[in-house]
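Asker: For reference, this is model_7.pdb, and it has PDB, C-alpha atoms.
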MODEL        1
ATOM      1  CA  MET A  13     109.240 -68.211 146.690
ATOM      2  CA  GLY A  14     108.550 -69.794 143.294
ATOM      3  CA  THR A  15     107.477 -67.403 140.541
ATOM      4  CA  LEU A  16     105.564 -64.837 142.581
ATOM      5  CA  LEU A  17     107.116 -62.018 140.536
ATOM      6  CA  ASP A  18     107.144 -63.693 137.133
ATOM      7  CA  ASP A  19     107.564 -61.084 134.354
ATOM      8  CA  THR A  20     107.609 -58.252 136.909
ATOM      9  CA  VAL A  21     110.038 -55.346 136.586
ATOM     10  CA  VAL A  22     111.306 -54.444 140.062
ATOM     11  CA  LEU A  23     113.439 -51.496 141.153
ATOM     12  CA  VAL A  24     115.294 -51.781 144.469
ATOM     13  CA  SER A  25     116.909 -48.659 145.910
ATOM     14  CA  GLY A  26     119.951 -49.371 148.048
ATOM     15  CA  GLY A  27     120.225 -52.728 146.347
ATOM     16  CA  THR A  28     123.978 -53.220 146.539
ATOM     17  CA  SER A  29     124.195 -54.416 150.142
ATOM     18  CA  GLY A  30     122.283 -55.535 153.206
ATOM     19  CA  VAL A  31     118.523 -55.911 153.016
ATOM     20  CA  GLY A  32     118.398 -54.276 149.594
ATOM     21  CA  ALA A  33     120.835 -56.767 148.066
ATOM     22  CA  ALA A  34     118.817 -59.623 149.579
ATOM     23  CA  VAL A  35     115.617 -58.203 148.057
ATOM     24  CA  VAL A  36     117.341 -58.051 144.670
ATOM     25  CA  ARG A  37     118.318 -61.718 144.824
ATOM     26  CA  ALA A  38     114.948 -62.872 146.184
ATOM     27  CA  SER A  39     113.098 -60.931 143.487
ATOM     28  CA  LEU A  40     115.230 -62.496 140.766
ATOM     29  CA  ALA A  41     114.655 -65.957 142.236
ATOM     30  CA  SER A  42     110.925 -65.220 142.088
ATOM     31  CA  GLY A  43     110.987 -64.531 138.355
ATOM     32  CA  ALA A  44     111.481 -60.754 138.246
ATOM     33  CA  ARG A  45     113.725 -58.610 136.140
ATOM     34  CA  VAL A  46     115.485 -56.278 138.537
ATOM     35  CA  ALA A  47     117.120 -52.884 138.428
ATOM     36  CA  PHE A  48     118.889 -51.875 141.613
ATOM     37  CA  SER A  49     120.467 -48.601 142.634
ATOM     38  CA  GLY A  50     123.368 -47.626 144.838
ATOM     39  CA  ARG A  51     126.015 -44.957 145.238
ATOM     40  CA  ARG A  52     129.110 -47.100 144.698
ATOM     41  CA  ASP A  53     129.869 -47.887 141.054
ATOM     42  CA  GLU A  54     132.418 -50.608 141.738
ATOM     43  CA  VAL A  55     130.189 -52.468 144.212
ATOM     44  CA  GLY A  56     127.114 -52.151 141.995
ATOM     45  CA  THR A  57     128.758 -53.288 138.779
ATOM     46  CA  SER A  58     130.427 -56.184 140.582
ATOM     47  CA  TYR A  59     127.078 -57.344 141.991
ATOM     48  CA  GLU A  60     125.483 -57.003 138.564
ATOM     49  CA  ARG A  61     128.186 -59.211 137.021
ATOM     50  CA  GLU A  62     127.707 -61.786 139.773
ATOM     51  CA  LEU A  63     123.940 -61.905 139.259
ATOM     52  CA  ARG A  64     124.203 -62.072 135.472
ATOM     53  CA  ALA A  65     126.738 -64.892 135.769
ATOM     54  CA  ASP A  66     124.019 -66.793 137.632
ATOM     55  CA  GLY A  67     121.697 -66.289 134.664
ATOM     56  CA  HIS A  68     119.612 -63.442 136.091
ATOM     57  CA  ASP A  69     118.363 -60.321 134.327
ATOM     58  CA  ALA A  70     119.731 -57.655 136.666
ATOM     59  CA  THR A  71     120.861 -54.105 135.974
ATOM     60  CA  PHE A  72     122.769 -51.732 138.223
ATOM     61  CA  VAL A  73     121.691 -48.095 138.182
ATOM     62  CA  ARG A  74     124.149 -45.729 139.812
ATOM     63  CA  ALA A  75     122.174 -43.260 141.951
ATOM     64  CA  ASP A  76     122.396 -41.444 145.259
ATOM     65  CA  ILE A  77     118.760 -41.112 146.262
ATOM     66  CA  ALA A  78     119.648 -38.360 148.724
ATOM     67  CA  ASP A  79     119.597 -36.219 145.578
ATOM     68  CA  PRO A  80     115.982 -35.964 144.316
ATOM     69  CA  ILE A  81     117.176 -35.630 140.726
ATOM     70  CA  GLU A  82     119.112 -38.894 140.984
ATOM     71  CA  ALA A  83     116.228 -40.595 142.807
ATOM     72  CA  ILE A  84     113.883 -39.743 139.950
ATOM     73  CA  ALA A  85     116.525 -40.643 137.357
ATOM     74  CA  SER A  86     116.903 -44.131 138.862
ATOM     75  CA  VAL A  87     113.268 -44.802 137.951
ATOM     76  CA  GLU A  88     113.606 -43.202 134.524
ATOM     77  CA  ARG A  89     116.657 -45.324 133.709
ATOM     78  CA  THR A  90     114.803 -48.452 134.814
ATOM     79  CA  VAL A  91     111.939 -47.558 132.476
ATOM     80  CA  GLU A  92     114.381 -46.846 129.649
ATOM     81  CA  HIS A  93     116.015 -50.243 130.115
ATOM     82  CA  TYR A  94     112.985 -52.447 130.772
ATOM     83  CA  GLY A  95     110.166 -50.381 129.296
ATOM     84  CA  ARG A  96     108.332 -49.959 132.588
ATOM     85  CA  VAL A  97     108.505 -50.347 136.350
ATOM     86  CA  ASP A  98     105.924 -52.587 138.041
ATOM     87  CA  ALA A  99     107.230 -52.744 141.605
ATOM     88  CA  VAL A 100     109.571 -50.821 143.879
ATOM     89  CA  CYS A 101     111.333 -51.577 147.130
ATOM     90  CA  ASN A 102     112.822 -48.543 148.866
ATOM     91  CA  ALA A 103     115.607 -50.168 150.876
ATOM     92  CA  ALA A 104     118.298 -47.468 150.946
ATOM     93  CA  GLY A 105     118.856 -46.193 154.449
ATOM     94  CA  LEU A 106     121.096 -44.215 156.793
ATOM     95  CA  THR A 107     121.539 -45.236 160.445
ATOM     96  CA  SER A 108     124.186 -42.834 161.762
ATOM     97  CA  ARG A 109     123.633 -41.833 165.383
ATOM     98  CA  GLY A 110     122.372 -38.596 166.888
ATOM     99  CA  SER A 111     120.288 -37.632 169.918
ATOM    100  CA  LEU A 112     117.906 -34.704 170.282
ATOM    101  CA  LEU A 113     120.696 -32.695 171.926
ATOM    102  CA  ASP A 114     123.717 -33.505 169.757
ATOM    103  CA  THR A 115     122.185 -33.825 166.271
ATOM    104  CA  THR A 116     123.455 -31.107 163.961
ATOM    105  CA  PRO A 117     121.315 -29.580 161.212
ATOM    106  CA  GLU A 118     123.590 -31.315 158.709
ATOM    107  CA  LEU A 119     123.011 -34.767 160.247
ATOM    108  CA  PHE A 120     119.264 -34.141 160.469
ATOM    109  CA  ASP A 121     119.161 -33.163 156.785
ATOM    110  CA  GLN A 122     121.157 -36.266 155.808
ATOM    111  CA  HIS A 123     118.603 -38.530 157.472
ATOM    112  CA  MET A 124     115.686 -36.731 155.886
ATOM    113  CA  ALA A 125     117.365 -36.869 152.477
ATOM    114  CA  VAL A 126     118.115 -40.593 152.507
ATOM    115  CA  ASN A 127     115.373 -42.049 154.711
ATOM    116  CA  LEU A 128     112.413 -39.904 153.656
ATOM    117  CA  ARG A 129     112.939 -37.543 150.734
ATOM    118  CA  GLY A 130     114.641 -40.192 148.593
ATOM    119  CA  PRO A 131     111.801 -42.724 148.915
ATOM    120  CA  PHE A 132     109.292 -39.916 148.272
ATOM    121  CA  PHE A 133     110.753 -39.046 144.888
ATOM    122  CA  VAL A 134     111.429 -42.651 143.877
ATOM    123  CA  MET A 135     107.747 -43.356 144.558
ATOM    124  CA  GLN A 136     106.674 -40.209 142.742
ATOM    125  CA  ALA A 137     108.504 -41.203 139.571
ATOM    126  CA  ALA A 138     107.400 -44.847 139.761
ATOM    127  CA  VAL A 139     103.736 -43.985 140.307
ATOM    128  CA  ARG A 140     103.869 -41.550 137.388
ATOM    129  CA  ASP A 141     105.078 -44.367 135.141
ATOM    130  CA  MET A 142     102.331 -46.684 136.384
ATOM    131  CA  LEU A 143      99.669 -44.028 135.856
ATOM    132  CA  SER A 144     100.965 -43.218 132.375
ATOM    133  CA  ARG A 145     100.270 -46.837 131.417
ATOM    134  CA  SER A 146      97.052 -47.137 133.457
ATOM    135  CA  ALA A 147      98.775 -50.107 135.074
ATOM    136  CA  PRO A 148      98.629 -51.443 138.637
ATOM    137  CA  GLY A 149     101.778 -51.594 140.731
ATOM    138  CA  THR A 150     103.225 -52.305 144.155
ATOM    139  CA  ILE A 151     105.675 -50.527 146.429
ATOM    140  CA  VAL A 152     107.277 -51.639 149.689
ATOM    141  CA  ASN A 153     109.129 -49.137 151.855
ATOM    142  CA  ILE A 154     111.653 -50.510 154.331
ATOM    143  CA  GLY A 155     110.910 -48.730 157.591
ATOM    144  CA  SER A 156     111.985 -49.407 161.152
ATOM    145  CA  VAL A 157     110.296 -50.323 164.415
ATOM    146  CA  SER A 158     112.357 -47.448 165.811
ATOM    147  CA  GLY A 159     109.960 -45.183 163.971
ATOM    148  CA  ARG A 160     107.458 -46.001 166.740
ATOM    149  CA  GLY A 161     109.685 -44.266 169.301
ATOM    150  CA  GLY A 162     113.149 -45.718 169.133
ATOM    151  CA  GLN A 163     116.342 -45.221 171.065
ATOM    152  CA  SER A 164     117.488 -41.824 172.333
ATOM    153  CA  TYR A 165     120.566 -41.922 170.078
ATOM    154  CA  LEU A 166     118.470 -42.323 166.917
ATOM    155  CA  ALA A 167     116.521 -39.046 167.007
ATOM    156  CA  PRO A 168     116.901 -37.948 163.342
ATOM    157  CA  TYR A 169     116.559 -41.536 162.107
ATOM    158  CA  VAL A 170     113.349 -41.986 164.093
ATOM    159  CA  ALA A 171     111.959 -38.706 162.776
ATOM    160  CA  ALA A 172     112.586 -39.762 159.179
ATOM    161  CA  LYS A 173     111.256 -43.308 159.571
ATOM    162  CA  ALA A 174     108.131 -42.057 161.344
ATOM    163  CA  GLY A 175     107.632 -39.749 158.387
ATOM    164  CA  LEU A 176     108.048 -42.680 156.004
ATOM    165  CA  SER A 177     105.221 -44.524 157.758
ATOM    166  CA  GLY A 178     102.912 -41.548 157.300
ATOM    167  CA  LEU A 179     103.990 -41.133 153.695
ATOM    168  CA  THR A 180     103.284 -44.803 153.003
ATOM    169  CA  LYS A 181      99.719 -44.474 154.248
ATOM    170  CA  ASN A 182      99.145 -41.167 152.470
ATOM    171  CA  ALA A 183     100.363 -42.465 149.107
ATOM    172  CA  ALA A 184      98.483 -45.760 149.495
ATOM    173  CA  HIS A 185      95.247 -43.900 150.170
ATOM    174  CA  ALA A 186      95.798 -41.482 147.294
ATOM    175  CA  HIS A 187      96.361 -44.247 144.741
ATOM    176  CA  ARG A 188      94.139 -47.063 145.982
ATOM    177  CA  PHE A 189      91.719 -46.692 143.068
ATOM    178  CA  ASP A 190      94.661 -46.736 140.670
ATOM    179  CA  ARG A 191      95.304 -50.236 142.050
ATOM    180  CA  ILE A 192      98.766 -49.214 143.174
ATOM    181  CA  ARG A 193      99.396 -50.914 146.504
ATOM    182  CA  ILE A 194     101.885 -49.289 148.870
ATOM    183  CA  ASN A 195     102.994 -50.844 152.154
ATOM    184  CA  ALA A 196     105.872 -50.542 154.612
ATOM    185  CA  LEU A 197     107.825 -53.160 156.485
ATOM    186  CA  ASP A 198     109.115 -51.882 159.830
ATOM    187  CA  ILE A 199     112.103 -54.092 160.525
ATOM    188  CA  GLY A 200     114.013 -54.519 163.766
ATOM    189  CA  TRP A 201     117.666 -55.159 164.549
ATOM    190  CA  THR A 202     119.088 -56.897 161.480
ATOM    191  CA  GLU A 203     122.421 -58.600 160.875
ATOM    192  CA  THR A 204     124.012 -56.901 157.873
ATOM    193  CA  GLU A 205     127.472 -55.734 156.889
ATOM    194  CA  GLY A 206     126.278 -52.152 157.327
ATOM    195  CA  GLU A 207     125.088 -52.867 160.862
ATOM    196  CA  ALA A 208     128.492 -54.359 161.666
ATOM    197  CA  VAL A 209     130.140 -51.086 160.620
ATOM    198  CA  THR A 210     127.616 -49.116 162.677
ATOM    199  CA  GLN A 211     128.228 -51.228 165.774
ATOM    200  CA  ARG A 212     131.994 -50.843 165.513
ATOM    201  CA  THR A 213     131.856 -47.127 164.678
ATOM    202  CA  PHE A 214     129.342 -45.923 167.236
ATOM    203  CA  HIS A 215     129.361 -48.588 169.969
ATOM    204  CA  ASP A 216     132.952 -49.929 169.994
ATOM    205  CA  ALA A 217     131.531 -53.397 169.400
ATOM    206  CA  PRO A 218     133.897 -56.397 169.242
ATOM    207  CA  ASP A 219     134.109 -58.689 166.227
ATOM    208  CA  ASP A 220     131.672 -61.167 167.795
ATOM    209  CA  TRP A 221     129.007 -58.493 168.438
ATOM    210  CA  ALA A 222     126.380 -60.331 166.358
ATOM    211  CA  ALA A 223     126.688 -63.594 168.279
ATOM    212  CA  ASP A 224     126.435 -61.761 171.588
ATOM    213  CA  ALA A 225     123.407 -59.777 170.400
ATOM    214  CA  ALA A 226     121.706 -62.902 169.054
ATOM    215  CA  ALA A 227     122.070 -64.652 172.401
ATOM    216  CA  ARG A 228     120.039 -61.874 174.001
ATOM    217  CA  MET A 229     117.216 -61.959 171.441
ATOM    218  CA  PRO A 230     113.914 -63.839 172.064
ATOM    219  CA  MET A 231     114.399 -65.990 168.936
ATOM    220  CA  GLY A 232     118.117 -66.477 169.517
ATOM    221  CA  LYS A 233     119.140 -64.561 166.413
ATOM    222  CA  LEU A 234     118.994 -61.120 164.833
ATOM    223  CA  GLY A 235     116.768 -60.407 161.864
ATOM    224  CA  GLN A 236     118.140 -61.944 158.676
ATOM    225  CA  PRO A 237     118.121 -60.095 155.322
ATOM    226  CA  ASP A 238     117.002 -63.131 153.314
ATOM    227  CA  GLU A 239     113.972 -63.626 155.566
ATOM    228  CA  ILE A 240     113.033 -59.964 155.255
ATOM    229  CA  ALA A 241     113.494 -60.204 151.491
ATOM    230  CA  ASP A 242     111.014 -63.082 151.249
ATOM    231  CA  MET A 243     108.427 -60.951 153.033
ATOM    232  CA  VAL A 244     109.105 -58.057 150.651
ATOM    233  CA  VAL A 245     108.645 -60.320 147.643
ATOM    234  CA  PHE A 246     105.328 -61.518 149.049
ATOM    235  CA  LEU A 247     104.129 -57.931 149.544
ATOM    236  CA  LEU A 248     105.268 -56.937 146.044
ATOM    237  CA  SER A 249     103.481 -59.894 144.492
ATOM    238  CA  PRO A 250      99.800 -60.421 143.649
ATOM    239  CA  ARG A 251      99.748 -63.149 146.313
ATOM    240  CA  SER A 252      99.468 -60.476 149.005
ATOM    241  CA  GLY A 253      96.044 -59.673 147.625
ATOM    242  CA  VAL A 254      94.432 -56.325 148.326
ATOM    243  CA  VAL A 255      96.607 -55.210 151.245
ATOM    244  CA  THR A 256      97.656 -51.564 150.991
ATOM    245  CA  GLY A 257      98.526 -48.804 153.428
ATOM    246  CA  SER A 258      99.804 -51.308 155.975
ATOM    247  CA  VAL A 259     102.846 -50.617 158.138
ATOM    248  CA  ILE A 260     103.852 -54.084 159.266
ATOM    249  CA  GLU A 261     106.100 -54.698 162.263
ATOM    250  CA  TRP A 262     108.709 -57.312 161.338
ATOM    251  CA  ASP A 263     110.549 -57.880 164.584
ATOM    252  CA  GLN A 264     110.782 -60.096 167.664
ATOM    253  CA  GLN A 265     110.400 -57.252 170.142
ATOM    254  CA  VAL A 266     106.722 -56.437 170.662
ATOM    255  CA  VAL A 267     106.070 -52.702 170.366
ATOM    256  CA  GLY A 268     104.087 -51.625 173.416
ATOM    257  CA  GLY A 269     104.756 -54.820 175.359
ATOM    258  CA  GLN A 270     105.929 -54.490 178.952
ATOM    259  CA  ASP A 271     107.193 -56.845 181.657
TER     260      ASP A 271
ENDMDL
END
Just give me the structure as structure tokens.
Answerer:
Amino acid sequence: MGTLLDDTVVLVSGGTSGVGAAVVRASLASGARVAFSGRRDEVGTSYERELRADGHDATFVRADIADPIEAIASVERTVEHYGRVDAVCNAAGLTSRGSLLDTTPELFDQHMAVNLRGPFFVMQAAVRDMLSRSAPGTIVNIGSVSGRGGQSYLAPYVAAKAGLSGLTKNAAHAHRFDRIRINALDIGWTETEGEAVTQRTFHDAPDDWAADAAARMPMGKLGQPDEIADMVVFLLSPRSGVVTGSVIEWDQQVVGGQD
């Protein structure tokens, strides 16, 4: 990806694993300085050491974005460390299962907190910093194609991700003349360590679940975090031009297609 993000300060929420961790590494490889947040101190500090050992300017910010105060603080700490925030990727997510009939109020609130409220307040704090400097900026929210309807066992997840799509468009429209571009990437089934835990926990999947799933996919594989990360870097960079308010489907299943 070259130097698409040269001298750009990027904050990645949920940057300690999965798609978020891949976005962190891809952003660094593209010339950015990167702060990344996560809930687990040990995992975050270990990843920071690994990245710094490779010569990258990366900083772990401990934050649980389900808490609005911590979501806002993750941006404030990034600004304290780097002097500003130019770009944000909201990658933190919760995928625990629940249908319309068996979802408890507690589970519903968890999904809203992580998948919708957290990104809202991270964006709020980041846009405030950009406006305070009269500076342009970019934001990419990691959504899901399930937000277009989804599976019956993902009811609270779908509700939150559908809300994130609407929020993306609302914020992009509100700040278009501030030259702050805000887009979402609706990803499909992706092969991550978190997905492996989900498959084993909720679907009794065997160890070779990913290979079996890949064999059933049109492209012969599940979505890969590094490929998604390259797309995020492109959208965060000036190379993506004027695009804003777009909710892009990044999947091999065609939404609305029928056989």
Asker: So, counting only C-alpha atoms, which residue among A:Ala208, A:Val152, A:Ile199, A:Ala47 is closest to A:Gln236?
Answerer: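 Nearest candidate to A:Gln236 out of A:Ala208, A:Val152, A:Ile199, A:Ala47: A:Ile199.
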Asker: Here is a test: counting all atoms listed in the file, which residue of A:Ala226, A:Leu106, A:Val87, A:Asn127 is nearest to A:Met142?
Answerer: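 With all atoms listed in the file as the atom set, the closest residue is A:Val87.
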Asker: Could you tell me which residues the PyMOL selection byres ((chain A and resi 108) around 8) grabs in this file, written as a ChimeraX atom specification?
Answerer: /A:106-107,109-110,166,169,210
Asker: Contacts of A:Trp201 at 12 Å or less, counting all atoms listed in the file, minus same-chain residues fewer than 5 places along, as a list in words?
Answerer: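 Neighbouring residues, sequence-local ones excluded: Val31, Thr107, Gly155, Ser156, Val157, Ser158, Gly162, Gln163, Gly206, Glu207, Ala208, Thr210, Gln211, Ala222, Ala225, Ala226, Arg228, Met229, Lys233, Leu234, Gly235, Gln236, Pro237, Ile240, Glu261, Trp262, Asp263, Gln264 and Gln265 of chain A.
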Asker: Once the PyMOL selection byres ((chain A and resi 72) around 7) has been applied to the shown file, what residues remain in the selection, as a ChimeraX atom specification?
Answerer: /A:47-49,56-57,60,70-71,73-74
Asker: Just give me the gap between atom CA of A:Pro218 and atom CA of A:Glu205 in Å, one decimal is fine.
Answerer: 13.9 Å
Asker: Could you produce a table of the residues of stretch 126-191 of chain A lying within 10 Å of stretch 242-257 of chain A, with the nearest pair of atoms per residue and their separation in Å rounded to one decimal, using all atoms listed in the file, ordered by chain and increasing residue number, as a Markdown table?
Answerer:
| residue | atom | partner | partner_atom | distance |
| --- | --- | --- | --- | --- |
| A:Gly149 | CA | A:Leu248 | CA | 8.3 |
| A:Thr150 | CA | A:Leu248 | CA | 5.4 |
| A:Ile151 | CA | A:Leu248 | CA | 6.4 |
| A:Val152 | CA | A:Leu248 | CA | 6.7 |
| A:Asn153 | CA | A:Val244 | CA | 9.0 |
| A:Ile154 | CA | A:Val244 | CA | 8.8 |
| A:Ser177 | CA | A:Gly257 | CA | 9.0 |
| A:Gly178 | CA | A:Gly257 | CA | 9.3 |
| A:Leu179 | CA | A:Gly257 | CA | 9.4 |
| A:Thr180 | CA | A:Gly257 | CA | 6.2 |
| A:Lys181 | CA | A:Gly257 | CA | 4.6 |
| A:Asn182 | CA | A:Gly257 | CA | 7.7 |
| A:Ala183 | CA | A:Gly257 | CA | 7.9 |
| A:Ala184 | CA | A:Gly257 | CA | 5.0 |
| A:His185 | CA | A:Gly257 | CA | 6.7 |
| A:Ala186 | CA | A:Gly257 | CA | 9.9 |
| A:His187 | CA | A:Thr256 | CA | 9.7 |
| A:Arg188 | CA | A:Thr256 | CA | 7.6 |
| A:Arg191 | CA | A:Val254 | CA | 8.8 |
Asker: What does the PyMOL selection byres ((chain A and resi 82) around 12) select in this file, as a PDB file with C-alpha atoms, in the coordinates of the input?
Answerer:
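Contents of selection_14.pdb, freshly written:
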ATOM      1  CA  SER A  25     116.909 -48.659 145.910  1.00  0.00           C
ATOM      2  CA  SER A  49     120.467 -48.601 142.634  1.00  0.00           C
ATOM      3  CA  GLY A  50     123.368 -47.626 144.838  1.00  0.00           C
ATOM      4  CA  ARG A  51     126.015 -44.957 145.238  1.00  0.00           C
ATOM      5  CA  VAL A  73     121.691 -48.095 138.182  1.00  0.00           C
ATOM      6  CA  ARG A  74     124.149 -45.729 139.812  1.00  0.00           C
ATOM      7  CA  ALA A  75     122.174 -43.260 141.951  1.00  0.00           C
ATOM      8  CA  ASP A  76     122.396 -41.444 145.259  1.00  0.00           C
ATOM      9  CA  ILE A  77     118.760 -41.112 146.262  1.00  0.00           C
ATOM     10  CA  ALA A  78     119.648 -38.360 148.724  1.00  0.00           C
ATOM     11  CA  ASP A  79     119.597 -36.219 145.578  1.00  0.00           C
ATOM     12  CA  PRO A  80     115.982 -35.964 144.316  1.00  0.00           C
ATOM     13  CA  ILE A  81     117.176 -35.630 140.726  1.00  0.00           C
ATOM     14  CA  ALA A  83     116.228 -40.595 142.807  1.00  0.00           C
ATOM     15  CA  ILE A  84     113.883 -39.743 139.950  1.00  0.00           C
ATOM     16  CA  ALA A  85     116.525 -40.643 137.357  1.00  0.00           C
ATOM     17  CA  SER A  86     116.903 -44.131 138.862  1.00  0.00           C
ATOM     18  CA  VAL A  87     113.268 -44.802 137.951  1.00  0.00           C
ATOM     19  CA  GLU A  88     113.606 -43.202 134.524  1.00  0.00           C
ATOM     20  CA  ARG A  89     116.657 -45.324 133.709  1.00  0.00           C
ATOM     21  CA  ALA A 125     117.365 -36.869 152.477  1.00  0.00           C
ATOM     22  CA  VAL A 126     118.115 -40.593 152.507  1.00  0.00           C
ATOM     23  CA  ARG A 129     112.939 -37.543 150.734  1.00  0.00           C
ATOM     24  CA  GLY A 130     114.641 -40.192 148.593  1.00  0.00           C
ATOM     25  CA  PRO A 131     111.801 -42.724 148.915  1.00  0.00           C
ATOM     26  CA  PHE A 133     110.753 -39.046 144.888  1.00  0.00           C
ATOM     27  CA  VAL A 134     111.429 -42.651 143.877  1.00  0.00           C
ATOM     28  CA  ALA A 137     108.504 -41.203 139.571  1.00  0.00           C
TER      29      ALA A 137
END
Asker: If we draw a sphere of 8 Å around (108.8, -70.1, 138.5), which residues have at least one atom in it when counting only C-alpha atoms? Please report them as a CSV table (one decimal) with C-alpha atoms, in the coordinates of the input.
Answerer:
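Wrote it out as part27.csv, contents follow:
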chain,number,residue,atom,x,y,z
A,14,GLY,CA,108.6,-69.8,143.3
A,15,THR,CA,107.5,-67.4,140.5
A,16,LEU,CA,105.6,-64.8,142.6
A,18,ASP,CA,107.1,-63.7,137.1
A,42,SER,CA,110.9,-65.2,142.1
A,43,GLY,CA,111.0,-64.5,138.4
Asker: Using Å and a single decimal, report how far atom CA of A:Ala34 sits from atom CA of A:Leu63.
Answerer: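 Distance between the two atoms: 11.7 Å.
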Asker: Residues of stretch 168-207 of chain A within 9 Å of stretch 112-121 of chain A: nearest atom pair and distance (Å, one decimal) for each, counting all atoms listed in the file, sorted by chain and number, as a tab-separated table?
Answerer:
residue	atom	partner	partner_atom	distance
A:Pro168	CA	A:Phe120	CA	5.3
A:Tyr169	CA	A:Phe120	CA	8.0
A:Ala171	CA	A:Phe120	CA	8.9
A:Ala172	CA	A:Phe120	CA	8.8
Asker: Emit the selected residues as a CSV table (one decimal), keeping the file's coordinate frame, including C-alpha atoms.
Answerer:
chain,number,residue,atom,x,y,z
A,168,PRO,CA,116.9,-37.9,163.3
A,169,TYR,CA,116.6,-41.5,162.1
A,171,ALA,CA,112.0,-38.7,162.8
A,172,ALA,CA,112.6,-39.8,159.2
